[in-house]
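Content type PDB, C-alpha atoms, pLDDT in the B column, from the file data37.pdb:
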```
ATOM      1  CA  MET A 282     -14.794 100.280  57.984  1.00 93.00           C
ATOM      2  CA  ILE A 283     -14.891  97.453  60.515  1.00 97.00           C
ATOM      3  CA  HIS A 284     -13.105  94.248  59.572  1.00 98.00           C
ATOM      4  CA  PRO A 285     -15.334  91.134  59.779  1.00 98.00           C
ATOM      5  CA  SER A 286     -13.016  89.513  62.334  1.00 98.00           C
ATOM      6  CA  ALA A 287     -13.155  92.475  64.735  1.00 98.00           C
ATOM      7  CA  ILE A 288     -15.307  92.283  67.872  1.00 98.00           C
ATOM      8  CA  VAL A 289     -16.978  95.640  68.442  1.00 98.00           C
ATOM      9  CA  SER A 290     -19.504  96.426  71.159  1.00 98.00           C
ATOM     10  CA  SER A 291     -22.835  97.889  70.086  1.00 97.00           C
ATOM     11  CA  LYS A 292     -22.379 100.333  72.987  1.00 98.00           C
ATOM     12  CA  ALA A 293     -19.191 101.809  71.519  1.00 98.00           C
ATOM     13  CA  GLU A 294     -19.361 105.141  69.673  1.00 98.00           C
ATOM     14  CA  ILE A 295     -17.379 104.748  66.446  1.00 98.00           C
ATOM     15  CA  HIS A 296     -17.289 107.418  63.748  1.00 98.00           C
ATOM     16  CA  PRO A 297     -18.169 106.095  60.283  1.00 97.00           C
ATOM     17  CA  ASN A 298     -14.779 107.282  58.980  1.00 97.00           C
ATOM     18  CA  ALA A 299     -12.813 105.229  61.525  1.00 98.00           C
ATOM     19  CA  TYR A 300     -11.083 101.984  60.572  1.00 98.00           C
ATOM     20  CA  ILE A 301     -11.177  98.953  62.875  1.00 98.00           C
ATOM     21  CA  GLY A 302      -8.739  96.316  61.639  1.00 98.00           C
ATOM     22  CA  PRO A 303      -8.664  92.517  61.859  1.00 98.00           C
ATOM     23  CA  TRP A 304      -8.988  90.832  65.273  1.00 98.00           C
ATOM     24  CA  CYS A 305      -9.422  94.121  67.121  1.00 98.00           C
ATOM     25  CA  ILE A 306     -11.610  94.237  70.243  1.00 98.00           C
ATOM     26  CA  VAL A 307     -13.556  97.397  71.094  1.00 98.00           C
ATOM     27  CA  GLU A 308     -15.475  97.255  74.383  1.00 98.00           C
ATOM     28  CA  ASP A 309     -18.512  99.116  75.760  1.00 98.00           C
ATOM     29  CA  ASN A 310     -18.429 102.887  76.291  1.00 98.00           C
ATOM     30  CA  VAL A 311     -15.468 103.493  73.994  1.00 98.00           C
ATOM     31  CA  LYS A 312     -15.403 106.641  71.835  1.00 98.00           C
ATOM     32  CA  ILE A 313     -13.475 106.542  68.568  1.00 98.00           C
ATOM     33  CA  ALA A 314     -13.394 109.720  66.482  1.00 98.00           C
ATOM     34  CA  SER A 315     -13.185 110.368  62.733  1.00 98.00           C
ATOM     35  CA  GLY A 316     -10.065 109.178  60.921  1.00 98.00           C
ATOM     36  CA  VAL A 317      -8.863 106.874  63.694  1.00 98.00           C
ATOM     37  CA  ARG A 318      -7.141 103.683  62.490  1.00 98.00           C
ATOM     38  CA  LEU A 319      -6.798 100.592  64.646  1.00 98.00           C
ATOM     39  CA  GLU A 320      -4.536  98.133  62.886  1.00 98.00           C
ATOM     40  CA  ALA A 321      -4.569  94.401  63.727  1.00 98.00           C
ATOM     41  CA  ARG A 322      -5.106  92.938  67.226  1.00 98.00           C
ATOM     42  CA  VAL A 323      -5.689  96.196  69.075  1.00 98.00           C
ATOM     43  CA  ARG A 324      -7.782  95.994  72.241  1.00 98.00           C
ATOM     44  CA  VAL A 325      -9.618  99.136  73.371  1.00 98.00           C
ATOM     45  CA  VAL A 326     -11.003  98.728  76.885  1.00 98.00           C
ATOM     46  CA  SER A 327     -14.168 100.388  78.176  1.00 98.00           C
ATOM     47  CA  LEU A 328     -14.013 104.127  79.026  1.00 98.00           C
ATOM     48  CA  THR A 329     -11.297 104.919  76.495  1.00 98.00           C
ATOM     49  CA  GLU A 330     -11.562 107.919  74.150  1.00 98.00           C
ATOM     50  CA  ILE A 331      -9.455 108.249  70.983  1.00 98.00           C
ATOM     51  CA  GLY A 332      -9.265 111.595  69.140  1.00 98.00           C
ATOM     52  CA  GLU A 333      -9.375 112.316  65.423  1.00 98.00           C
ATOM     53  CA  ASN A 334      -6.798 110.850  63.032  1.00 98.00           C
ATOM     54  CA  THR A 335      -4.912 108.918  65.683  1.00 98.00           C
ATOM     55  CA  LYS A 336      -3.276 105.731  64.408  1.00 98.00           C
ATOM     56  CA  VAL A 337      -2.798 102.701  66.633  1.00 98.00           C
ATOM     57  CA  PHE A 338      -0.553  99.891  65.421  1.00 98.00           C
ATOM     58  CA  ASP A 339      -0.661  96.135  66.021  1.00 98.00           C
ATOM     59  CA  GLY A 340      -1.034  94.612  69.446  1.00 98.00           C
ATOM     60  CA  CYS A 341      -1.675  97.705  71.570  1.00 98.00           C
ATOM     61  CA  ILE A 342      -3.840  97.530  74.697  1.00 98.00           C
ATOM     62  CA  LEU A 343      -5.526 100.842  75.497  1.00 98.00           C
ATOM     63  CA  GLY A 344      -7.335 101.634  78.727  1.00 98.00           C
ATOM     64  CA  GLU A 345      -6.725  98.494  80.764  1.00 98.00           C
ATOM     65  CA  ALA A 346      -7.084  98.699  84.556  1.00 98.00           C
ATOM     66  CA  PRO A 347      -4.233 100.368  86.501  1.00 98.00           C
ATOM     67  CA  GLN A 348      -1.471  98.244  87.974  1.00 97.00           C
ATOM     68  CA  ASP A 349      -2.156  99.848  91.341  1.00 96.00           C
ATOM     69  CA  LEU A 350      -3.178  97.880  94.426  1.00 94.00           C
ATOM     70  CA  LYS A 351      -5.320 100.820  95.584  1.00 91.00           C
ATOM     71  CA  TYR A 352      -7.463 100.615  92.448  1.00 94.00           C
ATOM     72  CA  ASN A 353     -10.929  99.263  93.294  1.00 92.00           C
ATOM     73  CA  GLN A 354     -12.746  99.132  89.935  1.00 93.00           C
ATOM     74  CA  GLU A 355     -13.771 102.789  90.138  1.00 95.00           C
ATOM     75  CA  LYS A 356     -14.924 104.488  86.924  1.00 96.00           C
ATOM     76  CA  THR A 357     -11.879 106.148  85.374  1.00 98.00           C
ATOM     77  CA  PHE A 358     -10.741 107.003  81.848  1.00 98.00           C
ATOM     78  CA  LEU A 359      -8.005 106.937  79.243  1.00 98.00           C
ATOM     79  CA  LYS A 360      -8.141 109.978  76.966  1.00 98.00           C
ATOM     80  CA  ILE A 361      -6.034 110.070  73.798  1.00 99.00           C
ATOM     81  CA  GLY A 362      -5.865 113.253  71.708  1.00 98.00           C
ATOM     82  CA  LYS A 363      -5.861 113.950  67.988  1.00 98.00           C
ATOM     83  CA  ASN A 364      -3.169 113.009  65.457  1.00 98.00           C
ATOM     84  CA  CYS A 365      -1.283 110.695  67.798  1.00 99.00           C
ATOM     85  CA  ILE A 366       0.788 107.715  66.646  1.00 99.00           C
ATOM     86  CA  ILE A 367       0.863 104.709  68.956  1.00 99.00           C
ATOM     87  CA  ARG A 368       3.204 102.039  67.665  1.00 98.00           C
ATOM     88  CA  GLU A 369       3.250  98.286  68.190  1.00 98.00           C
ATOM     89  CA  TYR A 370       2.505  96.687  71.567  1.00 98.00           C
ATOM     90  CA  CYS A 371       2.140  99.831  73.644  1.00 98.00           C
ATOM     91  CA  THR A 372       0.142  99.497  76.866  1.00 98.00           C
ATOM     92  CA  LEU A 373      -1.739 102.516  78.226  1.00 98.00           C
ATOM     93  CA  ASN A 374      -3.593 102.167  81.537  1.00 98.00           C
ATOM     94  CA  ARG A 375      -6.549 104.280  82.567  1.00 98.00           C
ATOM     95  CA  GLY A 376      -6.451 106.495  85.661  1.00 98.00           C
ATOM     96  CA  THR A 377      -7.340 105.978  89.292  1.00 97.00           C
ATOM     97  CA  MET A 378      -9.506 108.103  91.559  1.00 95.00           C
ATOM     98  CA  ALA A 379      -6.395 110.188  92.298  1.00 95.00           C
ATOM     99  CA  SER A 380      -6.989 112.132  89.070  1.00 96.00           C
ATOM    100  CA  GLY A 381      -9.717 110.184  87.260  1.00 97.00           C
ATOM    101  CA  SER A 382      -7.858 109.704  83.983  1.00 98.00           C
ATOM    102  CA  THR A 383      -4.688 109.094  82.061  1.00 98.00           C
ATOM    103  CA  GLU A 384      -4.335 111.738  79.322  1.00 98.00           C
ATOM    104  CA  ILE A 385      -2.336 111.812  76.091  1.00 98.00           C
ATOM    105  CA  SER A 386      -2.408 115.197  74.338  1.00 98.00           C
ATOM    106  CA  ASP A 387      -2.535 115.890  70.591  1.00 98.00           C
ATOM    107  CA  GLY A 388       0.292 114.903  68.270  1.00 98.00           C
ATOM    108  CA  VAL A 389       2.103 112.547  70.644  1.00 98.00           C
ATOM    109  CA  LEU A 390       4.329 109.764  69.276  1.00 99.00           C
ATOM    110  CA  LEU A 391       4.625 106.633  71.393  1.00 99.00           C
ATOM    111  CA  MET A 392       7.075 104.210  69.804  1.00 98.00           C
ATOM    112  CA  ALA A 393       6.863 100.421  70.156  1.00 98.00           C
ATOM    113  CA  TYR A 394       6.534  98.761  73.584  1.00 98.00           C
ATOM    114  CA  VAL A 395       6.001 101.973  75.562  1.00 98.00           C
ATOM    115  CA  HIS A 396       4.107 101.606  78.839  1.00 98.00           C
ATOM    116  CA  VAL A 397       2.094 104.549  80.196  1.00 98.00           C
ATOM    117  CA  ALA A 398       0.842 103.884  83.725  1.00 98.00           C
ATOM    118  CA  HIS A 399      -2.189 105.248  85.538  1.00 98.00           C
ATOM    119  CA  ASP A 400      -2.786 108.993  85.909  1.00 98.00           C
ATOM    120  CA  CYS A 401       0.045 110.024  83.591  1.00 98.00           C
ATOM    121  CA  ARG A 402      -0.100 113.257  81.591  1.00 98.00           C
ATOM    122  CA  ILE A 403       1.763 113.494  78.280  1.00 98.00           C
ATOM    123  CA  GLY A 404       1.904 116.935  76.655  1.00 98.00           C
ATOM    124  CA  GLU A 405       1.337 117.954  73.055  1.00 98.00           C
ATOM    125  CA  GLY A 406       3.908 116.759  70.536  1.00 98.00           C
ATOM    126  CA  ALA A 407       5.951 114.718  73.007  1.00 98.00           C
ATOM    127  CA  VAL A 408       8.056 111.858  71.605  1.00 98.00           C
ATOM    128  CA  ILE A 409       8.486 108.751  73.758  1.00 98.00           C
ATOM    129  CA  ALA A 410      10.944 106.343  72.125  1.00 98.00           C
ATOM    130  CA  ASN A 411      10.882 102.538  72.067  1.00 98.00           C
ATOM    131  CA  ALA A 412      10.303 100.601  75.296  1.00 98.00           C
ATOM    132  CA  CYS A 413      10.179 103.611  77.639  1.00 98.00           C
ATOM    133  CA  GLN A 414       8.360 102.869  80.881  1.00 98.00           C
ATOM    134  CA  LEU A 415       6.389 105.586  82.678  1.00 98.00           C
ATOM    135  CA  GLY A 416       5.339 104.997  86.280  1.00 98.00           C
ATOM    136  CA  GLY A 417       2.091 106.244  87.759  1.00 98.00           C
ATOM    137  CA  HIS A 418       1.381 109.991  87.904  1.00 97.00           C
ATOM    138  CA  VAL A 419       4.307 110.872  85.625  1.00 97.00           C
ATOM    139  CA  GLN A 420       4.055 114.159  83.710  1.00 96.00           C
ATOM    140  CA  ILE A 421       5.787 114.685  80.368  1.00 97.00           C
ATOM    141  CA  GLY A 422       5.742 118.251  79.023  1.00 95.00           C
ATOM    142  CA  LYS A 423       4.892 119.389  75.516  1.00 96.00           C
ATOM    143  CA  TYR A 424       7.497 118.631  72.830  1.00 98.00           C
ATOM    144  CA  ALA A 425       9.649 116.763  75.340  1.00 98.00           C
ATOM    145  CA  THR A 426      11.631 113.726  74.130  1.00 98.00           C
ATOM    146  CA  LEU A 427      12.527 110.529  75.968  1.00 98.00           C
ATOM    147  CA  GLY A 428      15.245 108.297  74.502  1.00 98.00           C
ATOM    148  CA  GLY A 429      14.671 104.566  74.073  1.00 98.00           C
ATOM    149  CA  THR A 430      14.194 102.347  77.155  1.00 98.00           C
ATOM    150  CA  ALA A 431      14.282 105.293  79.571  1.00 98.00           C
ATOM    151  CA  GLY A 432      12.354 104.664  82.769  1.00 98.00           C
ATOM    152  CA  VAL A 433      10.573 107.481  84.613  1.00 98.00           C
ATOM    153  CA  GLN A 434       9.769 106.710  88.224  1.00 97.00           C
ATOM    154  CA  GLN A 435       6.319 107.497  89.554  1.00 96.00           C
ATOM    155  CA  LYS A 436       5.320 111.101  90.211  1.00 95.00           C
ATOM    156  CA  ASN A 437       8.337 112.615  88.443  1.00 95.00           C
ATOM    157  CA  LYS A 438       7.997 115.354  85.833  1.00 94.00           C
ATOM    158  CA  VAL A 439       9.836 116.046  82.590  1.00 95.00           C
ATOM    159  CA  GLY A 440       9.362 119.664  81.537  1.00 92.00           C
ATOM    160  CA  ASP A 441       8.315 121.212  78.218  1.00 94.00           C
ATOM    161  CA  TYR A 442      10.973 120.902  75.449  1.00 96.00           C
ATOM    162  CA  ALA A 443      13.203 118.787  77.700  1.00 96.00           C
ATOM    163  CA  PHE A 444      15.294 115.825  76.526  1.00 98.00           C
ATOM    164  CA  VAL A 445      16.108 112.612  78.414  1.00 98.00           C
ATOM    165  CA  GLY A 446      18.821 110.358  77.011  1.00 97.00           C
ATOM    166  CA  ALA A 447      18.320 106.690  76.192  1.00 97.00           C
ATOM    167  CA  SER A 448      18.369 103.921  78.812  1.00 97.00           C
ATOM    168  CA  LEU A 449      18.352 106.335  81.750  1.00 97.00           C
ATOM    169  CA  LYS A 450      16.640 106.089  85.131  1.00 96.00           C
ATOM    170  CA  VAL A 451      14.669 109.288  85.722  1.00 96.00           C
ATOM    171  CA  ASP A 452      14.403 109.444  89.495  1.00 94.00           C
ATOM    172  CA  ARG A 453      14.047 113.226  89.760  1.00 91.00           C
ATOM    173  CA  ASP A 454      12.300 116.014  87.869  1.00 91.00           C
ATOM    174  CA  VAL A 455      13.811 117.365  84.651  1.00 92.00           C
ATOM    175  CA  PRO A 456      13.233 121.137  84.280  1.00 89.00           C
ATOM    176  CA  PRO A 457      11.812 122.688  81.093  1.00 91.00           C
ATOM    177  CA  ALA A 458      14.130 122.819  78.049  1.00 93.00           C
ATOM    178  CA  VAL A 459      16.913 120.977  79.881  1.00 94.00           C
ATOM    179  CA  LYS A 460      18.855 117.935  78.660  1.00 96.00           C
ATOM    180  CA  ALA A 461      19.203 115.119  81.180  1.00 96.00           C
ATOM    181  CA  LEU A 462      22.026 112.619  80.675  1.00 97.00           C
ATOM    182  CA  GLY A 463      24.171 110.176  82.591  1.00 95.00           C
ATOM    183  CA  ASN A 464      23.824 107.669  85.381  1.00 91.00           C
ATOM    184  CA  PRO A 465      23.059 108.972  87.937  1.00 92.00           C
ATOM    185  CA  LEU A 466      20.944 111.508  86.091  1.00 93.00           C
ATOM    186  CA  ARG A 467      22.435 114.995  85.696  1.00 93.00           C
ATOM    187  CA  TYR A 468      21.490 118.170  83.857  1.00 92.00           C
ATOM    188  CA  ALA A 469      23.658 118.721  80.790  1.00 94.00           C
ATOM    189  CA  GLY A 470      22.691 122.041  79.241  1.00 92.00           C
ATOM    190  CA  LEU A 471      19.728 123.416  77.356  1.00 94.00           C
ATOM    191  CA  ASN A 472      17.919 121.379  74.716  1.00 96.00           C
ATOM    192  CA  ILE A 473      18.555 124.062  72.111  1.00 95.00           C
ATOM    193  CA  HIS A 474      17.728 121.680  69.257  1.00 94.00           C
ATOM    194  CA  ALA A 475      14.108 121.553  70.445  1.00 96.00           C
ATOM    195  CA  LEU A 476      13.837 125.305  70.973  1.00 95.00           C
ATOM    196  CA  LYS A 477      15.099 126.062  67.465  1.00 96.00           C
ATOM    197  CA  LYS A 478      12.236 124.006  66.013  1.00 95.00           C
ATOM    198  CA  PHE A 479       9.890 126.780  67.113  1.00 95.00           C
ATOM    199  CA  PRO A 480      11.464 130.041  65.845  1.00 95.00           C
ATOM    200  CA  GLU A 481       8.166 131.885  66.091  1.00 94.00           C
ATOM    201  CA  GLU A 482       8.181 131.224  69.827  1.00 92.00           C
ATOM    202  CA  PHE A 483      11.907 131.105  70.628  1.00 92.00           C
ATOM    203  CA  SER A 484      13.792 133.934  68.997  1.00 92.00           C
ATOM    204  CA  PRO A 485      17.611 133.838  69.015  1.00 93.00           C
ATOM    205  CA  GLU A 486      17.555 136.516  71.711  1.00 92.00           C
ATOM    206  CA  ARG A 487      15.233 134.440  73.898  1.00 90.00           C
ATOM    207  CA  ILE A 488      17.430 131.359  73.498  1.00 93.00           C
ATOM    208  CA  VAL A 489      20.527 133.368  74.501  1.00 92.00           C
ATOM    209  CA  PHE A 490      18.660 134.589  77.584  1.00 88.00           C
ATOM    210  CA  LEU A 491      17.651 131.039  78.525  1.00 90.00           C
ATOM    211  CA  GLU A 492      21.233 129.812  78.040  1.00 91.00           C
ATOM    212  CA  LYS A 493      22.512 132.521  80.380  1.00 88.00           C
ATOM    213  CA  THR A 494      19.821 131.673  82.908  1.00 86.00           C
ATOM    214  CA  TYR A 495      20.766 127.990  82.788  1.00 88.00           C
ATOM    215  CA  ARG A 496      24.416 128.857  83.473  1.00 89.00           C
ATOM    216  CA  ASP A 497      23.392 131.135  86.340  1.00 83.00           C
ATOM    217  CA  LEU A 498      21.288 128.379  87.892  1.00 82.00           C
ATOM    218  CA  PHE A 499      23.412 125.303  87.367  1.00 83.00           C
ATOM    219  CA  ARG A 500      26.970 126.314  86.441  1.00 86.00           C
ATOM    220  CA  SER A 501      27.793 129.341  88.551  1.00 83.00           C
ATOM    221  CA  LYS A 502      29.306 129.252  92.029  1.00 81.00           C
ATOM    222  CA  THR A 503      26.301 131.115  93.389  1.00 80.00           C
ATOM    223  CA  PRO A 504      24.082 128.880  95.578  1.00 80.00           C
ATOM    224  CA  LEU A 505      21.060 127.650  93.651  1.00 73.00           C
ATOM    225  CA  SER A 506      18.606 129.052  96.180  1.00 75.00           C
ATOM    226  CA  GLN A 507      20.181 132.520  95.813  1.00 79.00           C
ATOM    227  CA  SER A 508      20.087 132.347  91.997  1.00 75.00           C
ATOM    228  CA  ILE A 509      16.419 131.439  92.121  1.00 75.00           C
ATOM    229  CA  GLU A 510      15.598 134.374  94.359  1.00 76.00           C
ATOM    230  CA  SER A 511      17.310 136.774  91.949  1.00 73.00           C
ATOM    231  CA  LEU A 512      15.358 135.395  88.975  1.00 74.00           C
ATOM    232  CA  LYS A 513      11.893 135.156  90.494  1.00 72.00           C
ATOM    233  CA  LYS A 514      10.838 138.517  89.066  1.00 73.00           C
ATOM    234  CA  SER A 515      11.448 137.338  85.495  1.00 78.00           C
ATOM    235  CA  THR A 516       8.495 137.349  83.100  1.00 79.00           C
ATOM    236  CA  GLU A 517       9.968 134.489  81.021  1.00 84.00           C
ATOM    237  CA  PRO A 518       7.244 131.760  80.808  1.00 83.00           C
ATOM    238  CA  LEU A 519       9.646 128.831  81.111  1.00 80.00           C
ATOM    239  CA  LEU A 520      11.165 130.368  84.228  1.00 76.00           C
ATOM    240  CA  ARG A 521       7.721 130.862  85.760  1.00 72.00           C
ATOM    241  CA  ALA A 522       7.019 127.171  85.123  1.00 70.00           C
ATOM    242  CA  PHE A 523      10.363 126.330  86.705  1.00 68.00           C
ATOM    243  CA  PHE A 524       9.612 128.274  89.876  1.00 67.00           C
ATOM    244  CA  GLU A 525       6.095 126.830  90.143  1.00 68.00           C
ATOM    245  CA  ASN A 526       7.021 123.178  89.634  1.00 67.00           C
ATOM    246  CA  TRP A 527      10.724 122.473  89.950  1.00 59.00           C
ATOM    247  CA  SER A 528      12.716 124.894  92.076  1.00 53.00           C
ATOM    248  CA  GLY A 529      11.909 123.337  95.453  1.00 53.00           C
ATOM    249  CA  VAL A 530      12.898 119.891  94.205  1.00 51.00           C
ATOM    250  CA  LEU A 531      16.217 121.142  92.886  1.00 55.00           C
ATOM    251  CA  ILE A 532      17.101 123.098  96.002  1.00 45.00           C
ATOM    252  CA  ASN A 533      16.546 119.969  98.073  1.00 43.00           C
ATOM    253  CA  HIS A 534      18.489 117.773  95.634  1.00 42.00           C
TER     254      HIS A 534
END
```

How would this structure read if it were set down as structure tokens?
Amino acid sequence: MIHPSAIVSSKAEIHPNAYIGPWCIVEDNVKIASGVRLEARVRVVSLTEIGENTKVFDGCILGEAPQDLKYNQEKTFLKIGKNCIIREYCTLNRGTMASGSTEISDGVLLMAYVHVAHDCRIGEGAVIANACQLGGHVQIGKYATLGGTAGVQQKNKVGDYAFVGASLKVDRDVPPAVKALGNPLRYAGLNIHALKKFPEEFSPERIVFLEKTYRDLFRSKTPLSQSIESLKKSTEPLLRAFFENWSGVLINH
């Protein structure tokens, strides 16, 4: 269904089961999949793709040009996955030539007034609370949570299952499954609440192992670089991700 007041380009690909609400604008070369709902006053800019059953609330602007002085009208994309919820007045910019796209994975919740800048990557099931601001090239891992009004500076990463408290400035990477609190930002234990949501993946024994590893890395008197060396042979997937993406940053911090 397309509301009579909506302005929809004939060059947009819209599934017959999608709903385009009143006063929405859908530009050329947009792809909208089955079950998508655009509520009132949503603007979908050219080269945006929206996956199945995603719901976009009032006033959102999806796929506008990056706020990057290096951007020169090159052809780039915004890609939004399936079953996402994008609440009121969110702004999601498309990518630059640095990566070609901004990408939101399946099942992501973006609460009201969130800004996602160019070339960001948001993992499956992540929850970004009200008015969070993500700078360019930010990466948010799967099932990570950002508290309301948190700001993530450009090029920083928040790992899988991690938690960032509300109103914080994220000026460094947050490792997988770690809670980040305080000002200045500090690591404050494992995000066990998130891990327990996935008992098929995180058994009690695995959680105990990760807790011990966290203490070895961040709470023992052993130098961090030495702790990392002793753990590099571990087959634990979260530790492998840590060594690949975060350990150098933390050693230098």

>> List as a VMD selection string the protein and nucleic acid residues near Gln434 (chain A), meaning an atom at most 12 Å away when only C-alpha atoms are counted, but skip any in the same chain fewer than 5 places from it.
In response: chain A and resid 397 to 398 401 413 to 421 439 449 to 455

> For Arg368 (chain A), which residue among A:Leu319, A:Ala522, A:Ala346, A:Tyr352 is the nearest when counting all atoms listed in the file?
Replying inline: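 So, comparing all the options, the nearest one is A:Leu319.
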
> Between A:Glu355, A:Glu294, A:Glu345, A:Glu482, which has the minimum distance to Glu330 (chain A) (counting only C-alpha atoms)?
Replying inline: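 Among the listed residues, A:Glu294 lies closest to Glu330 (chain A).
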
> Pick the closest to Ser508 (chain A) from A:Val445, A:Ala458, A:Met282, A:Leu520: which is it, counting only C-alpha atoms?
Replying inline: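 Answer, going by the shortest atom-to-atom distance: A:Leu520.
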
> Where does the PyMOL selection byres ((chain A and resi 356) around 9) land in this file, that is, which residues does it pick, as a PyMOL selection string?
Replying inline: chain A and resi 328+354-355+357-358+376-378+381

>> Using all atoms listed in the file, can you tell me which of A:Gly302, A:Gly316, A:Pro465, A:Gly428 comes closest to Asp339 (chain A)?
In response: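 Distance minimum relative to Asp339 (chain A) lands on A:Gly302.
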
> If you apply the PyMOL selection byres ((chain A and resi 518) around 12) to this file, what residues do you get, as an NGL selection string?
Replying inline: :A and (441 or 457-458 or 482-483 or 487 or 491 or 513-517 or 519-525)

> So which residues are close to (-18.0, 113.3, 62.0), meaning at most 12 Å away in the file's coordinates with only C-alpha atoms counted, and can you show them as an MDAnalysis selection string?
Replying inline: chainID A and resid 294:299 313:317 332:334

Selected residues written out, C-alpha atoms, as a compact mmCIF listing (two decimals), in the frame of the given file:
```
# COMPACT_ATOMS: atom_id res chain seq x y z
CA GLU A 294 -19.36 105.14 69.67
CA ILE A 295 -17.38 104.75 66.45
CA HIS A 296 -17.29 107.42 63.75
CA PRO A 297 -18.17 106.10 60.28
CA ASN A 298 -14.78 107.28 58.98
CA ALA A 299 -12.81 105.23 61.52
CA ILE A 313 -13.48 106.54 68.57
CA ALA A 314 -13.39 109.72 66.48
CA SER A 315 -13.18 110.37 62.73
CA GLY A 316 -10.06 109.18 60.92
CA VAL A 317 -8.86 106.87 63.69
CA GLY A 332 -9.26 111.60 69.14
CA GLU A 333 -9.38 112.32 65.42
CA ASN A 334 -6.80 110.85 63.03
```

>> Can you measure CA of Leu505 (chain A) to CA of Tyr468 (chain A) for me? One decimal in Å is fine.
In response: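 According to the coordinates, CA of Leu505 (chain A) and CA of Tyr468 (chain A) are separated by 13.6 Å.
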
> Looking at A:Ser448, A:Thr329, A:Asn411, A:Asn310, which one is nearest to Cys371 (chain A), with distances taken over all atoms listed in the file?
Replying inline: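 Between A:Ser448, A:Thr329, A:Asn411, A:Asn310, the residue approaching Cys371 (chain A) most closely is A:Asn411.
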
>> Report, in Å to a single decimal, how far apart CA of Glu369 (chain A) and CA of Ala410 (chain A) are.
In response: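 Computed distance, CA of Ala410 (chain A) to CA of Glu369 (chain A), equals 11.8 Å.
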
> Which residue out of A:Ile473, A:Ala443, A:Ile306, A:Val408 has the minimum interatomic distance to Ser291 (chain A) when all atoms listed in the file are used?
Replying inline: A:Ile306

> Separation of CA of Arg467 (chain A) and CA of Arg500 (chain A), in Å?
Replying inline: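 About the pair CA of Arg467 (chain A) and CA of Arg500 (chain A): they are 12.2 Å apart.
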
>> Under the PyMOL selection byres ((chain A and resi 384) around 8), which residues of this model are included? Write them out as an NGL selection string.
In response: :A and (359-362 or 382-383 or 385-386 or 400-403)

> Is there a way to get, as a ChimeraX atom specification, all residues within 12 Å of the point (21.2, 129.5, 75.1) in file coordinates, counting all atoms listed in the file?
Replying inline: /A:458-459,470-477,483-497

Go ahead and write the selection's residues with C-alpha atoms as a PDB file, keeping the file's coordinate frame.
```pdb
ATOM      1  CA  ALA A 458      14.130 122.819  78.049  1.00 93.00           C
ATOM      2  CA  VAL A 459      16.913 120.977  79.881  1.00 94.00           C
ATOM      3  CA  GLY A 470      22.691 122.041  79.241  1.00 92.00           C
ATOM      4  CA  LEU A 471      19.728 123.416  77.356  1.00 94.00           C
ATOM      5  CA  ASN A 472      17.919 121.379  74.716  1.00 96.00           C
ATOM      6  CA  ILE A 473      18.555 124.062  72.111  1.00 95.00           C
ATOM      7  CA  HIS A 474      17.728 121.680  69.257  1.00 94.00           C
ATOM      8  CA  ALA A 475      14.108 121.553  70.445  1.00 96.00           C
ATOM      9  CA  LEU A 476      13.837 125.305  70.973  1.00 95.00           C
ATOM     10  CA  LYS A 477      15.099 126.062  67.465  1.00 96.00           C
ATOM     11  CA  PHE A 483      11.907 131.105  70.628  1.00 92.00           C
ATOM     12  CA  SER A 484      13.792 133.934  68.997  1.00 92.00           C
ATOM     13  CA  PRO A 485      17.611 133.838  69.015  1.00 93.00           C
ATOM     14  CA  GLU A 486      17.555 136.516  71.711  1.00 92.00           C
ATOM     15  CA  ARG A 487      15.233 134.440  73.898  1.00 90.00           C
ATOM     16  CA  ILE A 488      17.430 131.359  73.498  1.00 93.00           C
ATOM     17  CA  VAL A 489      20.527 133.368  74.501  1.00 92.00           C
ATOM     18  CA  PHE A 490      18.660 134.589  77.584  1.00 88.00           C
ATOM     19  CA  LEU A 491      17.651 131.039  78.525  1.00 90.00           C
ATOM     20  CA  GLU A 492      21.233 129.812  78.040  1.00 91.00           C
ATOM     21  CA  LYS A 493      22.512 132.521  80.380  1.00 88.00           C
ATOM     22  CA  THR A 494      19.821 131.673  82.908  1.00 86.00           C
ATOM     23  CA  TYR A 495      20.766 127.990  82.788  1.00 88.00           C
ATOM     24  CA  ARG A 496      24.416 128.857  83.473  1.00 89.00           C
ATOM     25  CA  ASP A 497      23.392 131.135  86.340  1.00 83.00           C
TER      26      ASP A 497
END
```

> Leaving out Gly344 (chain A) and any residue of its chain fewer than 3 positions from it, which residues lie within 7 Å of it when counting only C-alpha atoms, given as a list in words?
Replying inline: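 Near Gly344 (chain A), the qualifying residues are Val325, Val326, Ser327, Thr329, Leu359, Leu373, Asn374 and Arg375 of chain A.
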
How about saving the chosen residues, C-alpha atoms kept, as a compact mmCIF listing (two decimals), in the coordinates of the input?
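Here's the written file part_15.txt:
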```txt
# COMPACT_ATOMS: atom_id res chain seq x y z
CA VAL A 325 -9.62 99.14 73.37
CA VAL A 326 -11.00 98.73 76.89
CA SER A 327 -14.17 100.39 78.18
CA THR A 329 -11.30 104.92 76.50
CA LEU A 359 -8.01 106.94 79.24
CA LEU A 373 -1.74 102.52 78.23
CA ASN A 374 -3.59 102.17 81.54
CA ARG A 375 -6.55 104.28 82.57
```
